[in-house]
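*Asks:* For reference, the structure I am asking about is given below.
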Amino acid sequence: MEAHPGAVSAAYLRDLRRLGVNRLSFGVQSGHDDTLARVGRWHTVETARRALAWARQAGFDNVGIDLIYGLPGDGPARWDATLRRVLAWQPDHISAYALMLEPGTPLACAVAAGRAAIADDDTMADMYEAAGARLAAAGFEQYELSNWAQPGRACRYNLHVWRGGDYLGVGAGAHGCVGGVRYRVTADVAAYLQRMAEPAGAPPGVSPAAEEAHPLSRREQMEEAMFLGLRLTQEGVSAQRFAARFGCDLREAFGAPLRRLVALGLIECRGDTVRLAPHARLVSNRVLAEFVSISEAKTSSRPAG
């Protein structure tokens, strides 16, 4: 379960644990109060630290923290201070995402108007690599492009999705993929309630409130298997599992991009496994886009979030 550190109490977390929730992920984002205020977050660093302490007291032994690097005013030194600060709280898992400006948001408008400045791509790359070094020194293993965990604490849900498993989209605005059908649930709460009260005609496993449902073709599923699987930095894509799922050799299905990327040193093919070369993580979006017909990933060279 994801949790806003400013919206929980000790009693609430105890109730969650009694209900059976066994993993929490707190959206901390930054280790600096002025940065949190600047981007409209209404918790403080102390609030986040206290929330994690309450989670431990409630019996949670698997707690993650989400961070964003490249926020306005947070250069490499402040980013390293954030990492050192949250590591002192001893989380089990850390996700570190590059800032991506969403069109129309207050931050995007402030940057466009020159009222806020964000790091350039080279600085972002430096911060990404610094995070890897700092977290490795603290005993964390990088198992995905943006995710690090203590041994045995990799997020099983995330692994399930990156390996191509089905996932349910529950609630207004949710996304899901079940039985080869990707769908998006309406974000309109009134429409959601009406459709859920009078379900009609949704494919098996797909929310009755879905306003879009796209059956994935076999080729799209193959592309997604590569796009998602290559995010797993150690595991990569297994040729054996790919063949068992699709009935063909991935080296035949994606021969041209594989040959090109191997020649460029961006992809490694070792035995049964195809994976990103370590230095290719900095241009992962560009590399992953080679395996899909149409991808928004082609617009960015930053480490994927």
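Letters for chains follow the order of the structure tokens (A, B, ...), residue numbers begin at 1 for each chain, and ligand numbers begin at 1 in the order shown.
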Hey, what does DSSP flag as alpha helix (DSSP H) within region 109-218 of chain A? Can you give it to me as a ChimeraX atom specification?
*Replies:* /A:109-112,121-137,156-162,189-197,218
*Asks:* Keeping N, CA and C atoms for every residue in the selection just given, could you write it to a file as a JSON list (two decimals), in the first residue's frame?
*Replies:*
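That gives us part_6.json:
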```json
[["chain", "number", "residue", "atom", "x", "y", "z"],
["A", 109, "CYS", "N", 4.37, 24.84, -15.37],
["A", 109, "CYS", "CA", 4.10, 26.23, -15.74],
["A", 109, "CYS", "C", 5.15, 27.17, -15.16],
["A", 110, "ALA", "N", 5.58, 26.89, -13.93],
["A", 110, "ALA", "CA", 6.60, 27.74, -13.29],
["A", 110, "ALA", "C", 7.92, 27.63, -14.02],
["A", 111, "VAL", "N", 8.29, 26.42, -14.45],
["A", 111, "VAL", "CA", 9.54, 26.25, -15.20],
["A", 111, "VAL", "C", 9.45, 26.95, -16.55],
["A", 112, "ALA", "N", 8.31, 26.79, -17.24],
["A", 112, "ALA", "CA", 8.13, 27.43, -18.55],
["A", 112, "ALA", "C", 8.19, 28.94, -18.45],
["A", 121, "ASP", "N", 20.06, 17.50, -18.26],
["A", 121, "ASP", "CA", 20.18, 16.05, -18.38],
["A", 121, "ASP", "C", 21.49, 15.52, -17.82],
["A", 122, "ASP", "N", 22.60, 16.25, -18.05],
["A", 122, "ASP", "CA", 23.89, 15.78, -17.56],
["A", 122, "ASP", "C", 23.92, 15.75, -16.03],
["A", 123, "THR", "N", 23.36, 16.77, -15.41],
["A", 123, "THR", "CA", 23.31, 16.80, -13.95],
["A", 123, "THR", "C", 22.39, 15.69, -13.42],
["A", 124, "MET", "N", 21.28, 15.47, -14.11],
["A", 124, "MET", "CA", 20.38, 14.38, -13.71],
["A", 124, "MET", "C", 21.09, 13.04, -13.78],
["A", 125, "ALA", "N", 21.88, 12.85, -14.83],
["A", 125, "ALA", "CA", 22.64, 11.60, -14.96],
["A", 125, "ALA", "C", 23.63, 11.45, -13.82],
["A", 126, "ASP", "N", 24.28, 12.54, -13.45],
["A", 126, "ASP", "CA", 25.22, 12.49, -12.32],
["A", 126, "ASP", "C", 24.50, 12.09, -11.03],
["A", 127, "MET", "N", 23.31, 12.63, -10.82],
["A", 127, "MET", "CA", 22.56, 12.32, -9.60],
["A", 127, "MET", "C", 22.09, 10.86, -9.60],
["A", 128, "TYR", "N", 21.72, 10.35, -10.76],
["A", 128, "TYR", "CA", 21.30, 8.95, -10.88],
["A", 128, "TYR", "C", 22.47, 8.02, -10.50],
["A", 129, "GLU", "N", 23.64, 8.30, -11.05],
["A", 129, "GLU", "CA", 24.79, 7.45, -10.75],
["A", 129, "GLU", "C", 25.22, 7.61, -9.29],
["A", 130, "ALA", "N", 25.11, 8.81, -8.75],
["A", 130, "ALA", "CA", 25.45, 9.02, -7.35],
["A", 130, "ALA", "C", 24.52, 8.23, -6.44],
["A", 131, "ALA", "N", 23.25, 8.16, -6.82],
["A", 131, "ALA", "CA", 22.30, 7.38, -6.03],
["A", 131, "ALA", "C", 22.69, 5.91, -6.02],
["A", 132, "GLY", "N", 23.07, 5.39, -7.19],
["A", 132, "GLY", "CA", 23.48, 4.00, -7.26],
["A", 132, "GLY", "C", 24.65, 3.70, -6.37],
["A", 133, "ALA", "N", 25.64, 4.59, -6.38],
["A", 133, "ALA", "CA", 26.83, 4.38, -5.55],
["A", 133, "ALA", "C", 26.50, 4.49, -4.07],
["A", 134, "ARG", "N", 25.73, 5.50, -3.69],
["A", 134, "ARG", "CA", 25.38, 5.70, -2.28],
["A", 134, "ARG", "C", 24.55, 4.53, -1.75],
["A", 135, "LEU", "N", 23.60, 4.06, -2.53],
["A", 135, "LEU", "CA", 22.73, 2.98, -2.07],
["A", 135, "LEU", "C", 23.46, 1.64, -2.05],
["A", 136, "ALA", "N", 24.34, 1.43, -3.00],
["A", 136, "ALA", "CA", 25.13, 0.19, -2.98],
["A", 136, "ALA", "C", 26.01, 0.14, -1.75],
["A", 137, "ALA", "N", 26.59, 1.27, -1.39],
["A", 137, "ALA", "CA", 27.44, 1.32, -0.19],
["A", 137, "ALA", "C", 26.65, 1.03, 1.08],
["A", 156, "ARG", "N", 7.55, -7.40, -4.86],
["A", 156, "ARG", "CA", 7.04, -8.53, -5.63],
["A", 156, "ARG", "C", 5.98, -8.09, -6.64],
["A", 157, "TYR", "N", 5.19, -7.10, -6.27],
["A", 157, "TYR", "CA", 4.19, -6.60, -7.23],
["A", 157, "TYR", "C", 4.89, -6.01, -8.45],
["A", 158, "ASN", "N", 5.88, -5.17, -8.23],
["A", 158, "ASN", "CA", 6.59, -4.57, -9.36],
["A", 158, "ASN", "C", 7.23, -5.64, -10.24],
["A", 159, "LEU", "N", 7.86, -6.63, -9.62],
["A", 159, "LEU", "CA", 8.47, -7.70, -10.39],
["A", 159, "LEU", "C", 7.42, -8.44, -11.22],
["A", 160, "HIS", "N", 6.27, -8.67, -10.64],
["A", 160, "HIS", "CA", 5.18, -9.36, -11.33],
["A", 160, "HIS", "C", 4.79, -8.58, -12.59],
["A", 161, "VAL", "N", 4.66, -7.27, -12.48],
["A", 161, "VAL", "CA", 4.27, -6.46, -13.64],
["A", 161, "VAL", "C", 5.37, -6.45, -14.69],
["A", 162, "TRP", "N", 6.63, -6.25, -14.26],
["A", 162, "TRP", "CA", 7.72, -6.19, -15.23],
["A", 162, "TRP", "C", 7.98, -7.53, -15.91],
["A", 189, "VAL", "N", -15.54, 10.32, -10.82],
["A", 189, "VAL", "CA", -16.02, 9.51, -9.70],
["A", 189, "VAL", "C", -17.51, 9.21, -9.82],
["A", 190, "ALA", "N", -18.32, 10.19, -10.24],
["A", 190, "ALA", "CA", -19.76, 9.96, -10.39],
["A", 190, "ALA", "C", -20.02, 8.89, -11.45],
["A", 191, "ALA", "N", -19.30, 8.99, -12.58],
["A", 191, "ALA", "CA", -19.47, 8.00, -13.63],
["A", 191, "ALA", "C", -18.98, 6.63, -13.17],
["A", 192, "TYR", "N", -17.92, 6.62, -12.39],
["A", 192, "TYR", "CA", -17.40, 5.36, -11.85],
["A", 192, "TYR", "C", -18.45, 4.67, -10.99],
["A", 193, "LEU", "N", -19.05, 5.42, -10.07],
["A", 193, "LEU", "CA", -20.04, 4.84, -9.17],
["A", 193, "LEU", "C", -21.25, 4.32, -9.94],
["A", 194, "GLN", "N", -21.68, 5.06, -10.96],
["A", 194, "GLN", "CA", -22.84, 4.63, -11.74],
["A", 194, "GLN", "C", -22.54, 3.34, -12.50],
["A", 195, "ARG", "N", -21.37, 3.29, -13.13],
["A", 195, "ARG", "CA", -21.03, 2.10, -13.92],
["A", 195, "ARG", "C", -20.83, 0.87, -13.03],
["A", 196, "MET", "N", -20.26, 1.08, -11.84],
["A", 196, "MET", "CA", -20.06, -0.05, -10.93],
["A", 196, "MET", "C", -21.39, -0.55, -10.38],
["A", 197, "ALA", "N", -22.36, 0.36, -10.22],
["A", 197, "ALA", "CA", -23.67, -0.04, -9.71],
["A", 197, "ALA", "C", -24.49, -0.77, -10.77],
["A", 218, "ARG", "N", -0.59, -10.04, -30.31],
["A", 218, "ARG", "CA", 0.56, -10.87, -29.93],
["A", 218, "ARG", "C", 1.85, -10.07, -30.06]]
```
*Asks:* If we count only C-alpha atoms, what is near region 18-20 of chain A at a cut-off of 9 Å, once residues fewer than 4 positions away on the same chain are taken out, given as a PyMOL selection string?
*Replies:* chain A and resi 13-14+58
*Asks:* For region 6-8 of chain A, please output as a count of residues only all residues within 10 Å (counting only C-alpha atoms; exclusion window: fewer than 5 positions along the same chain).
*Replies:* 17
*Asks:* Please determine, counting only C-alpha atoms, which residue among A:Leu67, A:Ala277, A:Leu107, A:Ala174 has the shortest atom-to-atom distance to Gly40 (chain A).
*Replies:*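 Among the listed residues, A:Leu107 lies closest to Gly40 (chain A).
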*Asks:* Name all residues at most 12 Å from Leu71 (chain A) (count only C-alpha atoms; drop same-chain ones fewer than 5 positions away) and give them as a PyMOL selection string.
*Replies:* chain A and resi 29-32+34-40+76+78-79+82+96-101+107-108+111+116-120+123-124+127
*Asks:* Please, could you write that set of residues out with N, CA, C and O atoms as a compact mmCIF listing (two decimals), in the first residue's frame?
*Replies:*
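Written out: again08.txt:
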```txt
# COMPACT_ATOMS: atom_id res chain seq x y z
N GLN A 29 9.79 11.89 -1.34
CA GLN A 29 10.20 12.75 -2.46
C GLN A 29 11.49 13.52 -2.22
O GLN A 29 12.36 13.54 -3.07
N SER A 30 11.64 14.20 -1.08
CA SER A 30 12.85 14.99 -0.84
C SER A 30 13.18 15.00 0.65
O SER A 30 12.29 14.84 1.49
N GLY A 31 14.46 15.22 0.94
CA GLY A 31 14.89 15.34 2.33
C GLY A 31 15.07 16.77 2.77
O GLY A 31 15.77 17.04 3.75
N HIS A 32 14.41 17.72 2.07
CA HIS A 32 14.56 19.14 2.39
C HIS A 32 13.18 19.80 2.46
O HIS A 32 12.40 19.75 1.50
N ASP A 34 12.31 22.94 2.40
CA ASP A 34 12.04 24.02 1.46
C ASP A 34 11.69 23.48 0.08
O ASP A 34 10.84 24.03 -0.63
N THR A 35 12.30 22.36 -0.31
CA THR A 35 11.97 21.75 -1.60
C THR A 35 10.56 21.19 -1.57
O THR A 35 9.79 21.36 -2.53
N LEU A 36 10.20 20.51 -0.50
CA LEU A 36 8.85 19.96 -0.39
C LEU A 36 7.80 21.06 -0.49
O LEU A 36 6.78 20.91 -1.18
N ALA A 37 8.04 22.18 0.18
CA ALA A 37 7.10 23.30 0.11
C ALA A 37 7.05 23.88 -1.30
O ALA A 37 5.97 24.25 -1.79
N ARG A 38 8.21 23.95 -1.95
CA ARG A 38 8.29 24.54 -3.28
C ARG A 38 7.47 23.75 -4.30
O ARG A 38 6.93 24.34 -5.25
N VAL A 39 7.38 22.45 -4.12
CA VAL A 39 6.65 21.63 -5.10
C VAL A 39 5.25 21.24 -4.59
O VAL A 39 4.58 20.38 -5.16
N GLY A 40 4.80 21.90 -3.52
CA GLY A 40 3.43 21.73 -3.08
C GLY A 40 3.15 20.51 -2.23
O GLY A 40 1.98 20.13 -2.05
N PRO A 76 23.21 18.20 -7.03
CA PRO A 76 23.85 16.96 -6.56
C PRO A 76 24.12 16.92 -5.06
O PRO A 76 23.92 15.88 -4.43
N ARG A 78 22.57 18.51 -2.55
CA ARG A 78 21.33 18.37 -1.79
C ARG A 78 20.69 16.99 -2.03
O ARG A 78 20.07 16.43 -1.13
N TRP A 79 20.84 16.45 -3.22
CA TRP A 79 20.35 15.11 -3.49
C TRP A 79 21.09 14.08 -2.63
O TRP A 79 20.47 13.19 -2.04
N THR A 82 19.76 14.25 0.82
CA THR A 82 18.48 13.54 0.92
C THR A 82 18.70 12.04 1.11
O THR A 82 18.10 11.40 1.98
N ALA A 96 13.92 5.72 -6.72
CA ALA A 96 14.43 7.06 -7.05
C ALA A 96 14.09 7.37 -8.50
O ALA A 96 14.58 6.70 -9.41
N TYR A 97 13.24 8.37 -8.69
CA TYR A 97 12.73 8.70 -10.01
C TYR A 97 13.22 10.07 -10.46
O TYR A 97 13.24 11.02 -9.68
N ALA A 98 13.59 10.15 -11.73
CA ALA A 98 13.95 11.43 -12.30
C ALA A 98 12.70 12.30 -12.44
O ALA A 98 11.62 11.81 -12.81
N LEU A 99 12.83 13.58 -12.12
CA LEU A 99 11.71 14.50 -12.27
C LEU A 99 11.28 14.56 -13.74
O LEU A 99 12.08 14.77 -14.64
N MET A 100 10.00 14.35 -13.96
CA MET A 100 9.41 14.51 -15.29
C MET A 100 8.29 15.54 -15.17
O MET A 100 7.37 15.36 -14.36
N LEU A 101 8.37 16.59 -15.92
CA LEU A 101 7.36 17.65 -15.85
C LEU A 101 6.11 17.24 -16.63
O LEU A 101 6.19 16.93 -17.82
N LEU A 107 4.11 23.17 -11.46
CA LEU A 107 5.57 23.17 -11.59
C LEU A 107 5.99 23.34 -13.04
O LEU A 107 6.91 24.10 -13.34
N ALA A 108 5.32 22.64 -13.95
CA ALA A 108 5.65 22.78 -15.38
C ALA A 108 5.44 24.22 -15.84
O ALA A 108 6.25 24.77 -16.60
N VAL A 111 8.29 26.42 -14.45
CA VAL A 111 9.54 26.25 -15.20
C VAL A 111 9.45 26.95 -16.55
O VAL A 111 10.38 27.64 -16.99
N ALA A 116 11.04 28.86 -11.99
CA ALA A 116 11.72 27.73 -11.34
C ALA A 116 12.68 27.12 -12.34
O ALA A 116 12.42 27.12 -13.56
N ALA A 117 13.79 26.61 -11.83
CA ALA A 117 14.80 26.00 -12.70
C ALA A 117 15.04 24.57 -12.25
O ALA A 117 15.09 24.29 -11.04
N ILE A 118 15.17 23.67 -13.21
CA ILE A 118 15.46 22.27 -12.90
C ILE A 118 16.79 21.87 -13.52
O ILE A 118 17.32 22.55 -14.39
N ALA A 119 17.32 20.76 -13.06
CA ALA A 119 18.63 20.30 -13.51
C ALA A 119 18.58 19.89 -14.98
O ALA A 119 17.56 19.43 -15.49
N ASP A 120 19.72 20.06 -15.67
CA ASP A 120 19.81 19.60 -17.05
C ASP A 120 20.07 18.09 -17.07
O ASP A 120 20.28 17.46 -16.03
N THR A 123 23.36 16.77 -15.41
CA THR A 123 23.31 16.80 -13.95
C THR A 123 22.39 15.69 -13.42
O THR A 123 22.70 15.04 -12.41
N MET A 124 21.28 15.47 -14.11
CA MET A 124 20.38 14.38 -13.71
C MET A 124 21.09 13.04 -13.78
O MET A 124 20.93 12.18 -12.91
N MET A 127 23.31 12.63 -10.82
CA MET A 127 22.56 12.32 -9.60
C MET A 127 22.09 10.86 -9.60
O MET A 127 22.09 10.19 -8.56
```
